[in-house]
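Engineer: Input file: target.cif. Contents: mmCIF, C-alpha atoms.
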```cif
data_model
#
loop_
_atom_site.label_atom_id
_atom_site.label_comp_id
_atom_site.auth_asym_id
_atom_site.auth_seq_id
_atom_site.Cartn_x
_atom_site.Cartn_y
_atom_site.Cartn_z
CA MET A 1 9.88 11.89 1.47
CA ALA A 2 8.10 8.67 2.44
CA ARG A 3 5.26 7.54 0.21
CA ARG A 4 2.22 6.66 2.32
CA ALA A 5 -1.44 5.75 1.96
CA LYS A 6 -4.40 5.15 4.24
CA ILE A 7 -7.39 3.10 3.15
CA ILE A 8 -10.74 2.64 4.84
CA ARG A 9 -12.88 0.04 3.11
CA ASN A 10 -16.28 -0.76 4.63
CA THR A 11 -18.76 -3.12 3.02
CA ASN A 12 -21.60 -5.27 4.34
CA GLU A 13 -19.07 -8.12 4.51
CA THR A 14 -15.84 -6.53 5.78
CA LYS A 15 -14.53 -3.48 7.58
CA ILE A 16 -10.89 -2.71 6.79
CA THR A 17 -8.54 0.02 7.98
CA LEU A 18 -5.05 0.08 6.52
CA ALA A 19 -2.00 2.34 6.71
CA LEU A 20 0.97 1.68 4.42
CA THR A 21 4.42 3.28 4.19
CA LEU A 22 6.52 2.21 1.23
CA GLU A 23 9.82 3.42 2.70
CA GLY A 24 9.35 1.53 5.94
CA LYS A 25 11.34 -0.73 8.23
CA GLY A 26 9.31 -3.91 7.87
CA GLN A 27 7.15 -3.10 10.87
CA TYR A 28 3.62 -4.43 11.05
CA LYS A 29 0.49 -4.69 13.14
CA ILE A 30 -1.90 -7.00 11.33
CA SER A 31 -5.16 -8.65 12.37
CA THR A 32 -7.57 -10.32 9.96
CA GLY A 33 -8.96 -13.08 12.18
CA ILE A 34 -7.12 -15.67 10.04
CA ARG A 35 -3.79 -16.34 11.70
CA PHE A 36 -1.98 -17.99 8.77
CA PHE A 37 -3.07 -15.11 6.51
CA ASP A 38 -1.77 -12.63 9.11
CA HIS A 39 1.56 -14.47 9.04
CA MET A 40 1.77 -14.22 5.23
CA LEU A 41 1.01 -10.48 5.36
CA GLU A 42 3.59 -10.02 8.12
CA LEU A 43 6.34 -11.63 6.08
CA PHE A 44 5.21 -9.71 2.99
CA THR A 45 5.71 -6.53 4.99
CA ARG A 46 9.08 -7.58 6.40
CA HIS A 47 10.51 -8.84 3.10
CA GLY A 48 9.22 -5.80 1.23
CA GLY A 49 10.64 -3.34 3.76
CA PHE A 50 7.22 -1.70 4.06
CA ASP A 51 5.36 -0.62 7.20
CA LEU A 52 1.79 -1.89 7.42
CA ALA A 53 -0.98 -1.49 9.96
CA LEU A 54 -4.04 -3.50 8.92
CA LYS A 55 -7.22 -4.45 10.72
CA CYS A 56 -9.94 -6.46 9.02
CA SER A 57 -13.21 -7.44 10.67
CA GLY A 58 -15.01 -9.76 8.31
CA ASP A 59 -17.92 -12.18 8.20
CA LEU A 60 -15.76 -15.20 9.02
CA ASP A 61 -18.88 -16.98 10.27
CA VAL A 62 -19.93 -17.13 6.60
CA ASP A 63 -16.56 -17.85 4.97
CA GLN A 64 -13.01 -16.47 4.73
CA HIS A 65 -13.41 -15.41 1.10
CA HIS A 66 -14.68 -11.86 1.67
CA SER A 67 -11.93 -11.05 4.16
CA VAL A 68 -9.05 -12.41 2.08
CA GLU A 69 -10.21 -10.88 -1.20
CA ASP A 70 -11.08 -7.50 0.32
CA VAL A 71 -7.72 -7.29 2.10
CA GLY A 72 -6.07 -7.93 -1.27
CA ILE A 73 -8.13 -5.16 -2.88
CA ALA A 74 -7.46 -2.68 -0.06
CA LEU A 75 -3.73 -3.42 -0.02
CA GLY A 76 -3.56 -3.00 -3.80
CA GLU A 77 -5.43 0.31 -3.53
CA ALA A 78 -2.93 1.45 -0.88
CA PHE A 79 0.00 0.74 -3.19
CA ASP A 80 -1.73 2.51 -6.08
CA ARG A 81 -2.37 5.55 -3.90
CA ALA A 82 1.11 5.59 -2.33
CA LEU A 83 2.78 5.40 -5.76
CA GLY A 84 0.93 8.52 -6.90
CA ASP A 85 1.60 9.34 -10.55
CA LYS A 86 4.36 6.67 -10.64
CA ARG A 87 6.97 9.03 -12.05
CA GLY A 88 10.51 7.75 -11.58
CA ILE A 89 9.59 4.24 -10.39
CA LEU A 90 10.97 1.08 -11.94
CA ARG A 91 7.34 -0.03 -12.41
CA ALA A 92 7.99 -3.76 -12.89
CA GLY A 93 9.81 -6.30 -10.75
CA TYR A 94 10.26 -10.02 -10.33
CA PHE A 95 11.85 -12.38 -7.83
CA LEU A 96 12.58 -16.09 -7.44
CA MET A 97 12.29 -17.17 -3.80
CA PRO A 98 13.72 -20.44 -2.51
CA MET A 99 11.86 -21.70 0.56
CA ASP A 100 13.70 -24.88 1.55
CA GLU A 101 12.56 -27.48 -1.02
CA THR A 102 10.17 -25.05 -2.73
CA LEU A 103 10.82 -22.40 -5.37
CA GLY A 104 8.33 -19.59 -5.88
CA LEU A 105 8.23 -16.95 -8.60
CA ALA A 106 6.51 -13.57 -8.54
CA ALA A 107 6.38 -10.78 -11.10
CA VAL A 108 4.46 -7.51 -10.90
CA ASP A 109 3.96 -4.55 -13.20
CA PHE A 110 2.19 -1.42 -11.94
CA SER A 111 1.05 -0.84 -15.52
CA GLY A 112 -2.44 0.53 -14.95
CA ARG A 113 -3.83 -2.66 -16.50
CA VAL A 114 -5.34 -5.44 -14.42
CA GLN A 115 -4.34 -9.05 -14.91
CA ALA A 116 -3.58 -11.84 -12.44
CA VAL A 117 -2.20 -15.30 -13.15
CA ILE A 118 -1.80 -17.52 -10.09
CA GLN A 119 -0.52 -21.10 -9.91
CA THR A 120 0.07 -22.24 -6.33
CA LYS A 121 0.24 -26.05 -6.76
CA VAL A 122 -1.27 -26.25 -3.26
CA ASN A 123 -3.14 -29.54 -2.99
CA VAL A 124 -4.84 -29.38 0.41
CA ARG A 125 -7.97 -27.52 1.52
CA LEU A 126 -6.41 -25.81 4.54
CA VAL A 127 -2.93 -24.54 5.33
CA GLY A 128 -2.98 -23.61 8.97
CA ASP A 129 -6.38 -21.98 9.36
CA LEU A 130 -6.42 -20.49 5.84
CA GLN A 131 -8.60 -21.91 3.06
CA SER A 132 -5.78 -22.43 0.56
CA GLU A 133 -7.84 -21.68 -2.57
CA LEU A 134 -8.18 -18.10 -1.31
CA VAL A 135 -4.50 -17.36 -1.96
CA SER A 136 -5.54 -16.82 -5.58
CA ASP A 137 -8.33 -14.45 -4.49
CA PHE A 138 -5.84 -12.36 -2.50
CA PHE A 139 -3.47 -11.88 -5.43
CA ASP A 140 -6.36 -11.27 -7.83
CA GLY A 141 -7.78 -8.65 -5.44
CA PHE A 142 -4.38 -6.98 -5.15
CA ALA A 143 -4.08 -6.78 -8.94
CA ARG A 144 -7.52 -5.13 -9.17
CA GLY A 145 -6.83 -2.67 -6.37
CA ALA A 146 -3.36 -1.75 -7.60
CA LYS A 147 -4.31 -1.75 -11.30
CA ALA A 148 -1.38 -4.06 -11.87
CA ASN A 149 -0.30 -7.24 -13.59
CA VAL A 150 0.43 -9.90 -10.97
CA HIS A 151 1.93 -13.28 -11.79
CA VAL A 152 2.79 -15.76 -9.04
CA LYS A 153 3.75 -19.36 -9.55
CA THR A 154 5.09 -22.23 -7.48
CA LEU A 155 7.68 -23.88 -9.70
CA TYR A 156 8.06 -26.93 -7.47
CA GLY A 157 7.88 -27.97 -3.83
CA ARG A 158 6.58 -30.49 -1.33
CA SER A 159 5.26 -28.52 1.65
CA ASN A 160 2.02 -26.63 1.01
CA HIS A 161 3.00 -24.17 3.74
CA HIS A 162 6.27 -23.48 1.93
CA LYS A 163 4.51 -23.11 -1.44
CA ILE A 164 2.34 -20.28 -0.11
CA GLU A 165 5.13 -18.69 1.93
CA ALA A 166 7.53 -18.69 -1.03
CA LEU A 167 4.91 -16.87 -3.13
CA PHE A 168 4.30 -14.16 -0.54
CA LYS A 169 8.03 -13.61 0.00
CA ALA A 170 8.75 -13.51 -3.72
CA PHE A 171 5.83 -11.14 -4.23
CA ALA A 172 7.10 -8.81 -1.49
CA ARG A 173 10.51 -8.50 -3.10
CA ALA A 174 9.08 -8.10 -6.60
CA VAL A 175 6.79 -5.31 -5.37
CA ARG A 176 9.65 -3.67 -3.47
CA PHE A 177 11.73 -3.52 -6.65
CA ALA A 178 8.84 -2.29 -8.81
CA CYS A 179 8.08 0.54 -6.34
CA ALA A 180 11.72 1.64 -6.12
CA LYS A 181 12.69 5.04 -7.45
CA ASP A 182 15.44 5.16 -10.04
CA LYS A 183 17.63 8.30 -10.19
CA GLN A 184 18.16 7.82 -13.90
CA LEU A 185 14.40 7.85 -14.50
CA ALA A 186 13.99 10.84 -12.15
CA SER A 187 10.60 12.38 -12.97
CA MET A 188 10.08 10.32 -16.14
CA LEU A 189 6.84 8.42 -16.47
CA PRO A 190 7.80 4.79 -17.17
CA ARG A 191 5.60 4.44 -20.26
CA THR A 192 5.84 5.60 -23.84
CA LYS A 193 2.10 6.32 -24.03
CA GLY A 194 2.56 9.17 -21.55
CA LEU A 195 -0.11 7.89 -19.15
CA LEU A 196 -0.24 5.09 -16.59
#
```
Represent the structure from my file as structure tokens, please.
Structural biologist:
Amino acid sequence: MARRAKIIRNTNETKITLALTLEGKGQYKISTGIRFFDHMLELFTRHGGFDLALKCSGDLDVDQHHSVEDVGIALGEAFDRALGDKRGILRAGYFLMPMDETLGLAAVDFSGRVQAVIQTKVNVRLVGDLQSELVSDFFDGFARGAKANVHVKTLYGRSNHHKIEALFKAFARAVRFACAKDKQLASMLPRTKGLL
């Protein structure tokens, strides 16, 4: 049975509707008003094997911050909801993603505890039409929404585009692994405390 979630998040700054299927086919329909951000979310969906429909209408006339952060929060909430009680999942995952001359690392743990550590090594203000500093806000928002530990790091690279893309691709594959069900774990809760 496919694990799914729908999120509606409306604030004075953003209006977000989101539908996520964990056991998807990498299909997406994404619109945030920030084309480079859309592209990163599209490749996250494709590399994770998820299905994602996401529409964000935000106050881009003020700044991109509210849109990027709130999308991160809503997407994290969708994963938290779709995972349910988390019984039988691997819970943690990591991936190293080569992107031409760049190497990106991502690790995630759906632990119920919130922590985000982000090191992009991006050294320009804009990549495409995205304010590059907001990449950190996206991953931080995801960690808060998903109640997860999120670590992403560019190990090295030249192209700022590739640095961000490698992180999103690595993150997708880390999340995919962490969400995966393990037959050996079956209905076991992946925690000795008995609560996630």
Engineer: Write out as a PDB file with C-alpha atoms, in the coordinates of the input which residues come within 8 Å of Ala2 of chain A when counting all atoms listed in the file, dropping same-chain ones fewer than 2 positions away.
Structural biologist:
```pdb
ATOM      1  CA  ARG A   4       2.220   6.660   2.320  1.00  0.00           C
ATOM      2  CA  THR A  21       4.420   3.280   4.190  1.00  0.00           C
ATOM      3  CA  LEU A  22       6.520   2.210   1.230  1.00  0.00           C
ATOM      4  CA  GLU A  23       9.820   3.420   2.700  1.00  0.00           C
TER       5      GLU A  23
END
```
Engineer: Quick one: apply the PyMOL selection byres ((chain A and resi 152) around 8) to the file and drop the selected residues here as a list in words.
Structural biologist: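 Selected by the PyMOL selection byres ((chain A and resi 152) around 8) in this file: Gly104, Leu105, Ala106, Ala107, Val117, Ile118, Gln119, Thr120, Val150, His151, Lys153, Thr154, Leu167 and Phe171 of chain A.
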Engineer: Write the residues of the preceding selection, restricted to C-alpha atoms, as a PDB file, keeping the file's coordinate frame.
Structural biologist:
```pdb
ATOM      1  CA  GLY A 104       8.330 -19.590  -5.880  1.00  0.00           C
ATOM      2  CA  LEU A 105       8.230 -16.950  -8.600  1.00  0.00           C
ATOM      3  CA  ALA A 106       6.510 -13.570  -8.540  1.00  0.00           C
ATOM      4  CA  ALA A 107       6.380 -10.780 -11.100  1.00  0.00           C
ATOM      5  CA  VAL A 117      -2.200 -15.300 -13.150  1.00  0.00           C
ATOM      6  CA  ILE A 118      -1.800 -17.520 -10.090  1.00  0.00           C
ATOM      7  CA  GLN A 119      -0.520 -21.100  -9.910  1.00  0.00           C
ATOM      8  CA  THR A 120       0.070 -22.240  -6.330  1.00  0.00           C
ATOM      9  CA  VAL A 150       0.430  -9.900 -10.970  1.00  0.00           C
ATOM     10  CA  HIS A 151       1.930 -13.280 -11.790  1.00  0.00           C
ATOM     11  CA  LYS A 153       3.750 -19.360  -9.550  1.00  0.00           C
ATOM     12  CA  THR A 154       5.090 -22.230  -7.480  1.00  0.00           C
ATOM     13  CA  LEU A 167       4.910 -16.870  -3.130  1.00  0.00           C
ATOM     14  CA  PHE A 171       5.830 -11.140  -4.230  1.00  0.00           C
TER      15      PHE A 171
END
```
Engineer: Closest to Gly58 of chain A among A:Asn149, A:Gln115, A:Asn160, A:Asn10, using all atoms listed in the file?
Structural biologist: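 The answer is A:Asn10, which sits nearest to Gly58 of chain A.
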Engineer: With distances taken over all atoms listed in the file, which residue among A:Ala74, A:Val62, A:Val108, A:Val127 lies nearest Phe37 of chain A?
Structural biologist: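 Smallest separation from Phe37 of chain A among the options: A:Val127.
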Engineer: Rank A:Phe168, A:Ile30, A:Asp140, A:Lys86 by their smallest atom-to-atom distance to Asp182 of chain A, using only C-alpha atoms, and report the top residue only.
Structural biologist: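 The shortest atom-to-atom distance to Asp182 of chain A comes from A:Lys86.
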Engineer: Let me make sure I understand: among A:Gly33, A:Gly26, A:Gly76, A:Gly48, which one has the smallest atom-to-atom distance to Thr14 of chain A if we use only C-alpha atoms?
Structural biologist: A:Gly33
Engineer: Do you know which residues the PyMOL selection byres ((chain A and resi 80) around 9) returns on this file, as a list in words?
Structural biologist: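 In the shown coordinates, the PyMOL selection byres ((chain A and resi 80) around 9) covers Ala5, Leu75, Gly76, Glu77, Ala78, Phe79, Arg81, Ala82, Leu83, Gly84, Asp85, Lys86, Phe110, Gly145, Ala146, Lys147 and Ala148 of chain A.
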Engineer: Find the distance between atom CA of Lys29 of chain A and atom CA of Ala53 of chain A and write it in Å to one decimal.
Structural biologist: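 The value is 4.7 Å.
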